[in-house]
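Q: What follows is the file final-v5.tsv, containing TSV, C-alpha atoms:
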chain	number	residue	atom	x	y	z
A	1	MET	CA	0.00	0.00	0.00
A	2	ARG	CA	2.73	2.45	0.97
A	3	GLU	CA	4.53	1.64	-2.26
A	4	ILE	CA	1.50	2.42	-4.39
A	5	ILE	CA	0.99	5.75	-2.65
A	6	LYS	CA	4.62	6.60	-3.17
A	7	MET	CA	4.38	5.79	-6.87
A	8	ILE	CA	1.29	7.94	-7.27
A	9	VAL	CA	2.80	10.85	-5.36
A	10	VAL	CA	6.11	10.77	-7.23
A	11	LEU	CA	4.50	10.50	-10.67
A	12	ALA	CA	2.01	13.23	-9.87
A	13	MET	CA	4.80	15.48	-8.63
A	14	ILE	CA	6.91	14.99	-11.77
A	15	ALA	CA	3.87	15.56	-13.97
A	16	THR	CA	2.92	18.72	-12.08
A	17	VAL	CA	6.39	20.21	-12.32
A	18	SER	CA	6.75	19.40	-16.01
A	19	GLY	CA	3.24	20.65	-16.77
A	20	ALA	CA	3.90	23.89	-14.94
A	21	SER	CA	7.22	24.53	-16.65
A	22	LEU	CA	5.73	23.73	-20.06
A	23	SER	CA	2.83	26.11	-19.59
A	24	PHE	CA	5.26	28.78	-18.39
A	25	ILE	CA	7.44	28.41	-21.47
A	26	ASN	CA	4.39	28.23	-23.70
A	27	ALA	CA	3.13	31.51	-22.29
A	28	LYS	CA	6.55	33.06	-22.91
A	29	THR	CA	6.89	31.83	-26.49
A	30	ALA	CA	3.31	31.69	-27.87
A	31	GLY	CA	3.22	35.25	-29.20
A	32	ARG	CA	6.62	34.96	-30.80
A	33	ILE	CA	5.73	31.62	-32.40
A	34	LYS	CA	2.64	33.14	-33.98
A	35	GLU	CA	4.75	35.98	-35.42
A	36	GLN	CA	7.37	33.54	-36.69
A	37	ARG	CA	4.79	31.36	-38.42
A	38	PHE	CA	3.34	34.37	-40.18
A	39	LYS	CA	6.74	35.80	-41.06
A	40	TYR	CA	8.19	32.62	-42.55
A	41	LEU	CA	5.15	30.85	-43.95
A	42	LYS	CA	2.62	33.47	-45.02
A	43	GLU	CA	4.34	36.82	-45.39
A	44	PRO	CA	6.69	36.01	-48.29
A	45	ALA	CA	3.77	34.61	-50.28
A	46	LEU	CA	1.46	37.48	-49.37
A	47	THR	CA	3.84	40.30	-50.25
A	48	ALA	CA	4.59	38.59	-53.55
A	49	ILE	CA	1.01	38.20	-54.70
A	50	LEU	CA	-0.95	41.05	-53.12
A	51	PRO	CA	-0.98	44.47	-54.75
A	52	GLU	CA	0.51	47.30	-52.71
A	53	TYR	CA	-1.09	47.64	-49.27
A	54	ASP	CA	-0.48	49.67	-46.13
A	55	ASN	CA	-2.48	47.88	-43.44
A	56	ASP	CA	-1.25	45.42	-40.83
A	57	LEU	CA	-2.16	41.99	-42.20
A	58	VAL	CA	-1.60	40.22	-38.90
A	59	LYS	CA	-4.07	42.53	-37.19
A	60	ASP	CA	-6.69	42.61	-39.94
A	61	THR	CA	-6.79	38.92	-40.76
A	62	PHE	CA	-10.08	37.15	-40.06
A	63	GLU	CA	-11.65	33.74	-40.37
A	64	THR	CA	-14.69	32.92	-42.43
A	65	MET	CA	-16.71	29.72	-42.67
A	66	ILE	CA	-17.58	28.61	-46.16
A	67	GLY	CA	-19.38	25.30	-46.35
A	68	GLU	CA	-17.69	23.12	-43.76
A	69	LYS	CA	-14.26	24.69	-44.01
A	70	THR	CA	-12.78	27.69	-42.28
A	71	TYR	CA	-10.63	29.98	-44.38
A	72	ILE	CA	-8.20	32.54	-43.04
A	73	VAL	CA	-8.57	35.67	-45.13
A	74	TYR	CA	-5.95	38.41	-45.41
A	75	PRO	CA	-7.47	41.70	-46.60
A	76	ALA	CA	-5.10	44.16	-48.28
A	77	LYS	CA	-6.10	47.80	-47.87
A	78	LYS	CA	-4.65	51.03	-49.13
A	79	SER	CA	-5.56	54.16	-47.11
A	80	GLY	CA	-8.41	52.23	-45.54
A	81	VAL	CA	-9.96	51.12	-48.82
A	82	LEU	CA	-10.17	47.39	-49.45
A	83	LYS	CA	-8.11	46.56	-52.53
A	84	ALA	CA	-7.60	42.84	-52.60
A	85	ILE	CA	-7.93	39.74	-50.49
A	86	ALA	CA	-5.86	36.61	-50.18
A	87	PHE	CA	-6.70	33.29	-48.65
A	88	GLU	CA	-5.29	29.82	-48.54
A	89	ILE	CA	-6.79	26.76	-50.23
A	90	ASP	CA	-5.87	23.21	-49.24
A	91	GLU	CA	-5.62	20.57	-51.94
A	92	LYS	CA	-4.55	16.97	-52.14
A	93	SER	CA	-1.33	16.59	-54.04
A	94	TYR	CA	1.67	14.36	-54.64
A	95	GLY	CA	3.17	13.31	-51.30
A	96	GLY	CA	0.41	14.76	-49.13
A	97	ASP	CA	-1.39	18.01	-48.62
A	98	MET	CA	-0.70	21.18	-50.49
A	99	SER	CA	-1.67	24.73	-49.56
A	100	VAL	CA	-1.93	27.49	-52.09
A	101	MET	CA	-2.28	31.16	-51.19
A	102	VAL	CA	-4.45	32.87	-53.79
A	103	ALA	CA	-4.84	36.64	-54.06
A	104	MET	CA	-7.51	38.53	-56.00
A	105	ASP	CA	-8.11	42.14	-56.83
A	106	LEU	CA	-11.73	42.84	-55.93
A	107	GLU	CA	-12.27	45.96	-58.04
A	108	GLU	CA	-10.83	44.70	-61.26
A	109	LYS	CA	-11.93	41.14	-60.64
A	110	ARG	CA	-8.53	39.75	-61.49
A	111	LEU	CA	-6.31	37.12	-60.01
A	112	THR	CA	-3.20	38.95	-58.82
A	113	GLY	CA	-1.22	35.84	-58.06
A	114	ALA	CA	-0.90	32.46	-56.37
A	115	ARG	CA	1.92	30.91	-54.36
A	116	VAL	CA	2.28	27.40	-53.01
A	117	THR	CA	2.96	27.67	-49.27
A	118	ILE	CA	2.97	23.99	-48.30
A	119	CYS	CA	4.07	21.22	-50.65
A	120	ASN	CA	5.52	17.80	-49.87
A	121	ASP	CA	6.57	16.85	-53.38
A	122	THR	CA	10.09	15.66	-54.26
A	123	PRO	CA	12.81	18.33	-53.92
A	124	GLY	CA	14.26	19.23	-57.30
A	125	LEU	CA	11.22	17.92	-59.17
A	126	GLY	CA	7.71	18.60	-57.91
A	127	LEU	CA	8.82	21.08	-55.28
A	128	LYS	CA	9.57	23.42	-58.19
A	129	VAL	CA	5.90	24.46	-58.13
A	130	THR	CA	6.85	26.60	-55.11
A	131	THR	CA	9.80	28.33	-56.76
A	132	ASP	CA	9.69	28.09	-60.57
A	133	GLU	CA	8.96	31.66	-61.70
A	134	ALA	CA	7.79	30.74	-65.20
A	135	PHE	CA	5.18	28.48	-63.63
A	136	ILE	CA	4.14	30.82	-60.82
A	137	ASN	CA	3.80	33.85	-63.09
A	138	GLN	CA	1.10	32.07	-65.07
A	139	PHE	CA	-1.27	32.90	-62.23
A	140	SER	CA	-0.65	36.61	-62.01
A	141	ASP	CA	-2.93	39.21	-63.52
A	142	ILE	CA	-5.51	37.07	-65.24
A	143	PRO	CA	-9.28	37.72	-65.22
A	144	LEU	CA	-11.47	35.83	-62.75
A	145	TYR	CA	-14.35	35.56	-65.21
A	146	ASP	CA	-14.66	34.96	-68.94
A	147	GLN	CA	-16.41	37.30	-71.37
A	148	ASP	CA	-19.68	35.42	-70.98
A	149	GLY	CA	-19.51	35.80	-67.20
A	150	SER	CA	-18.63	32.21	-66.30
A	151	ASP	CA	-15.59	31.35	-64.14
A	152	HIS	CA	-12.32	31.50	-66.01
A	153	ILE	CA	-11.26	27.90	-65.56
A	154	LEU	CA	-7.52	27.28	-65.74
A	155	SER	CA	-6.31	24.00	-67.15
A	156	LEU	CA	-3.04	22.44	-68.22
A	157	LYS	CA	-1.91	22.47	-71.83
A	158	LYS	CA	-2.23	18.69	-72.04
A	159	ASP	CA	-5.92	19.07	-71.13
A	160	GLY	CA	-6.40	21.74	-73.77
A	161	GLY	CA	-5.83	24.71	-71.46
A	162	GLY	CA	-3.21	27.41	-71.44
A	163	VAL	CA	-1.05	26.61	-68.42
A	164	ASP	CA	2.36	25.00	-68.77
A	165	ALA	CA	2.91	22.30	-66.15
A	166	ILE	CA	6.27	21.74	-64.46
A	167	THR	CA	8.04	18.89	-66.22
A	168	GLY	CA	7.77	15.74	-64.13
A	169	ALA	CA	5.29	17.28	-61.73
A	170	THR	CA	1.95	17.05	-63.48
A	171	ILE	CA	0.15	16.01	-60.29
A	172	SER	CA	1.39	18.95	-58.25
A	173	SER	CA	0.88	21.36	-61.13
A	174	SER	CA	-2.73	20.34	-61.58
A	175	SER	CA	-3.28	20.53	-57.80
A	176	VAL	CA	-2.24	24.17	-57.93
A	177	LEU	CA	-4.71	24.72	-60.76
A	178	ARG	CA	-7.50	23.01	-58.83
A	179	ALA	CA	-6.76	25.21	-55.82
A	180	VAL	CA	-6.83	28.40	-57.90
A	181	ASN	CA	-10.03	27.33	-59.65
A	182	SER	CA	-11.77	26.55	-56.39
A	183	ALA	CA	-10.66	29.91	-54.98
A	184	VAL	CA	-12.32	31.61	-57.96
A	185	GLY	CA	-15.45	29.53	-57.33
A	186	ILE	CA	-15.51	30.56	-53.67
A	187	MET	CA	-15.17	34.21	-54.60
A	188	ARG	CA	-18.06	34.01	-57.04
A	189	GLU	CA	-20.34	32.62	-54.34
A	190	HIS	CA	-19.15	34.57	-51.34
A	191	ALA	CA	-17.48	37.76	-52.58
A	192	GLY	CA	-20.01	40.06	-50.93
A	193	GLU	CA	-19.82	38.35	-47.56
A	194	ILE	CA	-16.01	38.29	-47.57
A	195	ALA	CA	-15.73	41.92	-48.67
A	196	GLU	CA	-18.12	42.98	-45.91
A	197	LYS	CA	-16.12	41.16	-43.26
A	198	ALA	CA	-12.89	42.54	-44.70
A	199	ASP	CA	-14.20	46.10	-44.46
A	200	ARG	CA	-14.97	45.63	-40.79
A	201	ALA	CA	-11.72	43.77	-40.07
A	202	GLY	CA	-9.29	45.61	-37.87
A	203	THR	CA	-11.76	48.34	-36.95
A	204	VAL	CA	-13.70	46.26	-34.43
A	205	LYS	CA	-11.45	44.99	-31.70
B	1	MET	CA	39.44	10.61	-13.93
B	2	ARG	CA	36.17	8.78	-14.23
B	3	ALA	CA	34.23	11.81	-15.51
B	4	VAL	CA	36.66	12.31	-18.40
B	5	ARG	CA	36.31	8.64	-19.31
B	6	GLU	CA	32.51	8.82	-19.21
B	7	PHE	CA	32.67	11.93	-21.38
B	8	THR	CA	35.06	10.62	-24.03
B	9	LYS	CA	33.51	7.16	-24.42
B	10	GLY	CA	30.69	8.78	-26.41
B	11	PHE	CA	33.13	9.77	-29.16
B	12	TRP	CA	34.36	6.33	-30.10
B	13	THR	CA	33.87	3.21	-27.96
B	14	GLU	CA	30.17	3.96	-27.40
B	15	LEU	CA	29.58	6.24	-30.38
B	16	ALA	CA	25.80	5.93	-30.42
B	17	PRO	CA	24.73	5.56	-34.07
B	18	PHE	CA	27.77	3.73	-35.40
B	19	ARG	CA	29.10	1.58	-32.58
B	20	LEU	CA	25.93	0.93	-30.59
B	21	VAL	CA	23.63	1.29	-33.65
B	22	LEU	CA	21.11	3.19	-31.53
B	23	GLY	CA	18.85	6.12	-32.39
B	24	LEU	CA	18.79	5.33	-36.08
B	25	CYS	CA	15.49	7.02	-36.88
B	26	PRO	CA	16.90	10.58	-36.89
B	27	VAL	CA	20.24	9.31	-38.21
B	28	LEU	CA	18.53	8.16	-41.38
B	29	ALA	CA	15.84	10.78	-41.64
B	30	VAL	CA	17.41	14.18	-41.06
B	31	THR	CA	20.87	13.72	-42.54
B	32	LYS	CA	19.88	14.97	-45.99
B	33	SER	CA	22.04	17.98	-45.28
B	34	MET	CA	24.94	18.78	-42.99
B	35	ASP	CA	23.17	21.61	-41.13
B	36	GLY	CA	20.10	19.44	-40.59
B	37	GLY	CA	22.18	16.72	-39.00
B	38	PHE	CA	24.07	19.22	-36.85
B	39	GLY	CA	20.89	20.93	-35.63
B	40	MET	CA	19.21	17.62	-34.83
B	41	GLY	CA	22.33	16.51	-32.96
B	42	LEU	CA	22.36	19.66	-30.83
B	43	ALA	CA	18.65	19.40	-30.02
B	44	THR	CA	19.12	15.77	-29.00
B	45	THR	CA	22.20	16.65	-26.94
B	46	PHE	CA	20.28	19.30	-25.03
B	47	VAL	CA	17.46	16.88	-24.20
B	48	LEU	CA	19.94	14.12	-23.32
B	49	VAL	CA	22.00	16.27	-20.94
B	50	CYS	CA	18.93	17.74	-19.22
B	51	SER	CA	17.13	14.43	-18.84
B	52	ASN	CA	20.31	12.73	-17.57
B	53	VAL	CA	20.79	15.40	-14.90
B	54	ILE	CA	17.16	15.36	-13.74
B	55	VAL	CA	16.92	11.55	-13.76
B	56	SER	CA	20.15	11.33	-11.78
B	57	LEU	CA	18.85	13.95	-9.34
B	58	LEU	CA	15.62	12.02	-8.78
B	59	ARG	CA	17.13	8.53	-8.93
B	60	ASN	CA	16.60	7.80	-5.24
B	61	ILE	CA	13.06	9.17	-5.18
B	62	ILE	CA	11.58	7.47	-8.24
B	63	PRO	CA	10.10	4.04	-7.33
B	64	PRO	CA	11.56	1.33	-9.61
B	65	LYS	CA	8.15	0.20	-10.86
B	66	VAL	CA	7.27	3.56	-12.39
B	67	ARG	CA	10.76	4.55	-13.46
B	68	ILE	CA	10.15	4.25	-17.22
B	69	ALA	CA	6.99	6.35	-17.01
B	70	SER	CA	8.88	8.97	-15.02
B	71	PHE	CA	11.80	9.01	-17.45
B	72	ILE	CA	9.50	9.43	-20.44
B	73	LEU	CA	7.66	12.24	-18.66
B	74	ILE	CA	10.94	14.06	-17.99
B	75	ILE	CA	12.26	13.48	-21.51
B	76	ALA	CA	8.99	14.54	-23.16
B	77	SER	CA	8.94	17.78	-21.20
B	78	PHE	CA	12.40	18.73	-22.41
B	79	VAL	CA	11.54	17.80	-25.98
B	80	VAL	CA	8.50	20.08	-25.95
B	81	ILE	CA	10.65	22.85	-24.46
B	82	VAL	CA	13.19	22.43	-27.26
B	83	GLN	CA	10.40	22.47	-29.81
B	84	MET	CA	8.82	25.67	-28.51
B	85	VAL	CA	12.13	27.47	-28.10
B	86	MET	CA	13.29	26.51	-31.59
B	87	GLU	CA	10.05	27.65	-33.15
B	88	ALA	CA	10.18	30.97	-31.31
B	89	SER	CA	13.84	31.66	-32.08
B	90	ASP	CA	15.99	32.29	-35.14
B	91	MET	CA	16.16	28.52	-35.57
B	92	TYR	CA	12.67	28.53	-37.08
B	93	LEU	CA	13.82	27.41	-40.51
B	94	LEU	CA	15.85	24.59	-39.00
B	95	TYR	CA	12.77	23.62	-36.98
B	96	LYS	CA	10.72	23.52	-40.19
B	97	GLN	CA	13.39	21.47	-41.92
B	98	LEU	CA	13.56	18.89	-39.12
B	99	GLY	CA	9.77	18.83	-38.91
B	100	ILE	CA	8.28	15.81	-37.18
B	101	PHE	CA	11.69	14.56	-36.06
B	102	ILE	CA	11.94	17.16	-33.30
B	103	PRO	CA	8.89	15.82	-31.39
B	104	LEU	CA	10.14	12.31	-32.18
B	105	ILE	CA	13.24	12.91	-30.03
B	106	VAL	CA	10.98	11.62	-27.23
B	107	VAL	CA	11.24	8.11	-28.60
B	108	ASN	CA	14.95	8.29	-29.41
B	109	CYS	CA	16.22	5.17	-27.69
B	110	ILE	CA	19.60	6.74	-26.87
B	111	ILE	CA	17.99	9.15	-24.43
B	112	LEU	CA	15.84	6.60	-22.62
B	113	GLY	CA	18.75	4.19	-22.83
B	114	ARG	CA	21.16	6.59	-21.07
B	115	ALA	CA	18.53	7.43	-18.43
B	116	GLU	CA	17.95	3.76	-17.70
B	117	ALA	CA	21.48	2.41	-18.06
B	118	PHE	CA	23.51	5.29	-16.68
B	119	ALA	CA	21.77	8.27	-15.08
B	120	SER	CA	19.55	6.19	-12.80
B	121	LYS	CA	22.64	4.55	-11.30
B	122	ASN	CA	25.18	7.39	-11.17
B	123	GLY	CA	25.66	10.84	-9.67
B	124	ILE	CA	24.71	14.12	-11.25
B	125	PHE	CA	28.18	15.13	-12.43
B	126	LEU	CA	28.94	11.78	-14.04
B	127	SER	CA	25.50	11.71	-15.67
B	128	PHE	CA	26.10	15.18	-17.05
B	129	ALA	CA	29.46	14.10	-18.51
B	130	ASP	CA	27.91	10.95	-19.95
B	131	GLY	CA	25.01	12.84	-21.54
B	132	LEU	CA	27.27	15.51	-23.01
B	133	GLY	CA	29.72	12.97	-24.41
B	134	ILE	CA	27.12	10.70	-25.97
B	135	GLY	CA	25.19	13.72	-27.26
B	136	LEU	CA	28.21	15.34	-28.89
B	137	GLY	CA	29.22	11.99	-30.39
B	138	PHE	CA	25.70	11.72	-31.80
B	139	THR	CA	25.91	15.28	-33.18
B	140	MET	CA	29.28	14.50	-34.75
B	141	SER	CA	27.95	11.35	-36.42
B	142	LEU	CA	24.86	13.09	-37.80
B	143	THR	CA	26.90	16.03	-39.07
B	144	PHE	CA	29.38	13.69	-40.75
B	145	LEU	CA	26.70	11.55	-42.39
B	146	GLY	CA	24.80	14.67	-43.44
B	147	ALA	CA	27.95	16.17	-44.96
B	148	ILE	CA	28.64	13.05	-47.02
B	149	ARG	CA	25.07	12.78	-48.26
B	150	GLU	CA	24.76	16.47	-49.07
B	151	LEU	CA	28.15	16.57	-50.79
B	152	PHE	CA	27.51	13.65	-53.12
B	153	GLY	CA	23.77	14.18	-53.37
B	154	SER	CA	23.86	17.79	-54.46
B	155	GLY	CA	27.55	18.40	-55.21
B	156	VAL	CA	27.84	21.28	-52.78
B	157	ILE	CA	27.53	21.68	-49.01
B	158	VAL	CA	25.69	24.83	-47.96
B	159	PHE	CA	25.80	25.16	-44.19
B	160	ASN	CA	22.94	27.34	-43.00
B	161	TRP	CA	22.69	28.42	-39.38
B	162	MET	CA	20.20	30.85	-37.85
B	163	GLY	CA	19.23	32.08	-41.29
B	164	GLU	CA	22.78	32.81	-42.43
B	165	VAL	CA	25.04	30.81	-44.67
B	166	ILE	CA	28.11	29.99	-42.57
B	167	PHE	CA	30.11	28.30	-45.31
B	168	THR	CA	29.77	26.58	-48.65
B	169	PHE	CA	31.99	23.77	-49.85
B	170	SER	CA	32.00	22.68	-53.49
B	171	PRO	CA	35.10	20.65	-54.33
B	172	PHE	CA	33.75	19.14	-57.54
B	173	GLY	CA	33.07	22.25	-59.59
B	174	SER	CA	30.07	22.85	-61.79
B	175	ALA	CA	30.63	19.82	-64.06
B	176	TYR	CA	29.60	17.45	-61.25
B	177	GLN	CA	26.34	15.63	-61.87
B	178	PRO	CA	24.51	15.39	-58.51
B	179	PHE	CA	23.94	11.83	-57.30
B	180	THR	CA	20.47	12.68	-55.93
B	181	PHE	CA	19.98	9.10	-54.79
B	182	MET	CA	22.23	9.88	-51.82
B	183	GLN	CA	19.70	12.36	-50.46
B	184	ALA	CA	16.76	10.01	-50.94
B	185	PRO	CA	15.80	7.61	-48.10
B	186	PRO	CA	17.49	4.51	-49.63
B	187	GLY	CA	20.71	6.53	-49.95
B	188	ALA	CA	20.65	7.00	-46.19
B	189	PHE	CA	20.62	3.26	-45.62
B	190	ILE	CA	23.44	2.62	-48.04
B	191	CYS	CA	25.55	5.46	-46.67
B	192	LEU	CA	25.00	4.28	-43.10
B	193	GLY	CA	25.78	0.71	-44.13
B	194	ILE	CA	29.10	1.70	-45.68
B	195	LEU	CA	30.05	3.78	-42.65
B	196	LEU	CA	29.10	0.95	-40.26
B	197	GLY	CA	31.25	-1.39	-42.32
B	198	LEU	CA	34.22	1.00	-42.21
B	199	MET	CA	33.79	1.53	-38.46
B	200	GLY	CA	33.69	-2.23	-37.94
B	201	LEU	CA	36.86	-2.63	-39.98
B	202	ILE	CA	38.73	-0.03	-37.93
B	203	GLY	CA	37.34	-1.48	-34.69
B	204	ASN	CA	38.50	-5.00	-35.64
B	205	ARG	CA	41.96	-3.76	-36.51
B	206	GLN	CA	42.21	-1.98	-33.15
B	207	THR	CA	41.27	-5.07	-31.14
B	208	ALA	CA	43.49	-7.31	-33.28
B	209	GLY	CA	46.47	-4.96	-33.01
Mind turning the file's structure into structure tokens?
A:
Amino acid sequence: MREIIKMIVVLAMIATVSGASLSFINAKTAGRIKEQRFKYLKEPALTAILPEYDNDLVKDTFETMIGEKTYIVYPAKKSGVLKAIAFEIDEKSYGGDMSVMVAMDLEEKRLTGARVTICNDTPGLGLKVTTDEAFINQFSDIPLYDQDGSDHILSLKKDGGGVDAITGATISSSSVLRAVNSAVGIMREHAGEIAEKADRAGTVK
Amino acid sequence: MRAVREFTKGFWTELAPFRLVLGLCPVLAVTKSMDGGFGMGLATTFVLVCSNVIVSLLRNIIPPKVRIASFILIIASFVVIVQMVMEASDMYLLYKQLGIFIPLIVVNCIILGRAEAFASKNGIFLSFADGLGIGLGFTMSLTFLGAIRELFGSGVIVFNWMGEVIFTFSPFGSAYQPFTFMQAPPGAFICLGILLGLMGLIGNRQTAG
């Protein structure tokens, strides 16, 4: 009996001390970790694809539920006027999940750019979708909608479209296209709602 | 000097990955590049030294029946600390590169092995020396394996630390065709196999001579 009590007491003590020190360090580092994640994962993509903005993206970002998924939206404003928005789309791709940040100009209804933020494809081959400029630039400054008003669907050249895939990375290339296309679809359905939230973002605290 | 002996054994006679063939998961997984191996080695060394000291400190309090649970609790705490500190510091890119293998330090058998085989039976100072020696030996091995794989796999070693390039080493020139296989998972096995073979050869010669 005494042995069991000793075991319980000792284990509980170790667990308490380690739990306390972990929560202490977590409290010390949480803010910094959030900044780091934004700085290294989102910011390079956002500054590359959003048109010029002067608001604080970290402060103005908001979440919106569309269907069953939650999207984190980054609104880009210039002198308080909403110019463009960017949000991330998750897609299945070669080697696991892929995330693509897609930015759109709301006034001109144009895609301003897309960048792959998470990709698990092979380095040197499929991972080129994150860095290859010729590929990436195919998503900048193209209209969201066709002349007849329907979504401007992007497709690869082998499927009769106009986008060059990365050699040896057809799967990842078409995942990027699917992500961009679904972003355009989301904007068609929910542009008003997102723009309204974006206008309020940052002002209400 | 017992402490010196406990410290230096980690560099050759009990060199963890090559002589004891322990802790192979990170050895194979993160040695795609030299800096990755080095960073992983340092993170493991930190956890190993801290857990050795704490286990040694508590060795007379922990009841034998729950010792493994206690060790894992102590080790896991230090691993999470390392993880949070790395993510919050300038080592963020290294943290991203090592990915899942940082949390997996918890199950690195070297750390539990040292806690069980050494720290729970010896004093704090000796346990510290043991942890530091084994840890630095582990770091050395990972750095070496990473250097070989990066050199042959990409033709050039680029050593990145805290977001800055410390040095680059490209002995082959631009005509070298990278042997990318070396940086793929099977390349890790083959590289490790060759190194184990060489180590065995040297070890045999030492005992024979």
Q: Per residue of chain B within 10 Å of chain A, note the shortest atom pair and the distance in Å to one decimal, counting all atoms listed in the file, and order the rows by chain and increasing residue number, as a tab-separated table.
A:
residue	atom	partner	partner_atom	distance
B:Leu58	CA	A:Ile14	CA	9.7
B:Ile61	CA	A:Val10	CA	7.4
B:Ile62	CA	A:Val10	CA	6.5
B:Pro63	CA	A:Met7	CA	6.0
B:Pro64	CA	A:Met7	CA	8.9
B:Lys65	CA	A:Met7	CA	7.8
B:Val66	CA	A:Met7	CA	6.6
B:Arg67	CA	A:Leu11	CA	9.1
B:Ala69	CA	A:Leu11	CA	8.0
B:Ser70	CA	A:Leu11	CA	6.4
B:Phe71	CA	A:Ile14	CA	9.6
B:Leu73	CA	A:Ala15	CA	6.9
B:Ile74	CA	A:Ser18	CA	7.1
B:Ile75	CA	A:Ser18	CA	9.8
B:Ala76	CA	A:Ser18	CA	8.9
B:Ser77	CA	A:Ser18	CA	5.9
B:Phe78	CA	A:Ser18	CA	8.6
B:Val80	CA	A:Leu22	CA	7.5
B:Ile81	CA	A:Leu22	CA	6.7
B:Met84	CA	A:Thr29	CA	6.8
B:Val85	CA	A:Thr29	CA	7.0
B:Met86	CA	A:Ile33	CA	9.2
B:Glu87	CA	A:Ile33	CA	5.9
B:Ala88	CA	A:Ile33	CA	4.6
B:Ser89	CA	A:Arg32	CA	8.0
B:Asp90	CA	A:Gln36	CA	8.8
B:Tyr92	CA	A:Gln36	CA	7.3
B:Leu93	CA	A:Tyr40	CA	7.9
B:Lys96	CA	A:Tyr40	CA	9.7
B:Thr180	CA	A:Gly124	CA	9.1
B:Gln183	CA	A:Pro123	CA	9.8
B:Ala184	CA	A:Thr122	CA	9.4
Q: Atom CA of A:Ala201 and atom CA of A:Ser79 are how many Å apart?
A: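 Between these atoms lies a distance of 14.0 Å.
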Q: Choose the residue, out of B:Ala129, B:Leu28, B:Leu42, B:Val21, that has the smallest atom-to-atom separation from B:Met199; count only C-alpha atoms.
A: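 The shortest atom-to-atom distance to B:Met199 comes from B:Val21.
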Q: Give the answer as one residue: which of B:Gly131, B:Pro185, B:Gly193, B:Gly41 has the shortest atom-to-atom distance to B:Phe144, using only C-alpha atoms?
A: B:Gly41
Q: Which residue, B:Val158, B:Leu132, B:Ala147, B:Ile105, has the smallest gap to B:Gly23 when you use only C-alpha atoms?
A: B:Ile105
Q: Could you get me a file of stretch 184-193 of chain B with N, CA, C and O atoms, as an mmCIF file, in the first residue's frame, taken from the block above?
A:
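So the final result, stored in selection.cif, reads:
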data_model
loop_
_atom_site.group_PDB
_atom_site.id
_atom_site.type_symbol
_atom_site.label_atom_id
_atom_site.label_comp_id
_atom_site.auth_asym_id
_atom_site.auth_seq_id
_atom_site.Cartn_x
_atom_site.Cartn_y
_atom_site.Cartn_z
ATOM 1 N N ALA B 184 18.039 10.697 -51.081
ATOM 2 C CA ALA B 184 16.757 10.007 -50.943
ATOM 3 C C ALA B 184 16.875 8.981 -49.810
ATOM 4 O O ALA B 184 17.983 8.584 -49.448
ATOM 5 N N PRO B 185 15.741 8.545 -49.242
ATOM 6 C CA PRO B 185 15.804 7.613 -48.104
ATOM 7 C C PRO B 185 16.682 6.370 -48.321
ATOM 8 O O PRO B 185 17.457 6.029 -47.420
ATOM 9 N N PRO B 186 16.628 5.691 -49.481
ATOM 10 C CA PRO B 186 17.493 4.511 -49.630
ATOM 11 C C PRO B 186 18.977 4.869 -49.561
ATOM 12 O O PRO B 186 19.792 4.083 -49.075
ATOM 13 N N GLY B 187 19.326 6.063 -50.024
ATOM 14 C CA GLY B 187 20.709 6.529 -49.953
ATOM 15 C C GLY B 187 21.196 6.598 -48.517
ATOM 16 O O GLY B 187 22.371 6.323 -48.233
ATOM 17 N N ALA B 188 20.277 6.938 -47.602
ATOM 18 C CA ALA B 188 20.648 6.999 -46.190
ATOM 19 C C ALA B 188 21.064 5.631 -45.688
ATOM 20 O O ALA B 188 22.081 5.491 -44.990
ATOM 21 N N PHE B 189 20.293 4.622 -46.062
ATOM 22 C CA PHE B 189 20.616 3.262 -45.616
ATOM 23 C C PHE B 189 21.972 2.818 -46.143
ATOM 24 O O PHE B 189 22.794 2.261 -45.420
ATOM 25 N N ILE B 190 22.198 3.075 -47.426
ATOM 26 C CA ILE B 190 23.442 2.618 -48.045
ATOM 27 C C ILE B 190 24.635 3.341 -47.443
ATOM 28 O O ILE B 190 25.654 2.737 -47.088
ATOM 29 N N CYS B 191 24.479 4.651 -47.255
ATOM 30 C CA CYS B 191 25.551 5.455 -46.671
ATOM 31 C C CYS B 191 25.865 4.966 -45.257
ATOM 32 O O CYS B 191 27.023 4.782 -44.878
ATOM 33 N N LEU B 192 24.805 4.759 -44.467
ATOM 34 C CA LEU B 192 24.996 4.282 -43.103
ATOM 35 C C LEU B 192 25.648 2.906 -43.110
ATOM 36 O O LEU B 192 26.558 2.634 -42.318
ATOM 37 N N GLY B 193 25.213 2.048 -44.043
ATOM 38 C CA GLY B 193 25.782 0.708 -44.126
ATOM 39 C C GLY B 193 27.277 0.749 -44.397
ATOM 40 O O GLY B 193 28.064 0.056 -43.742
#
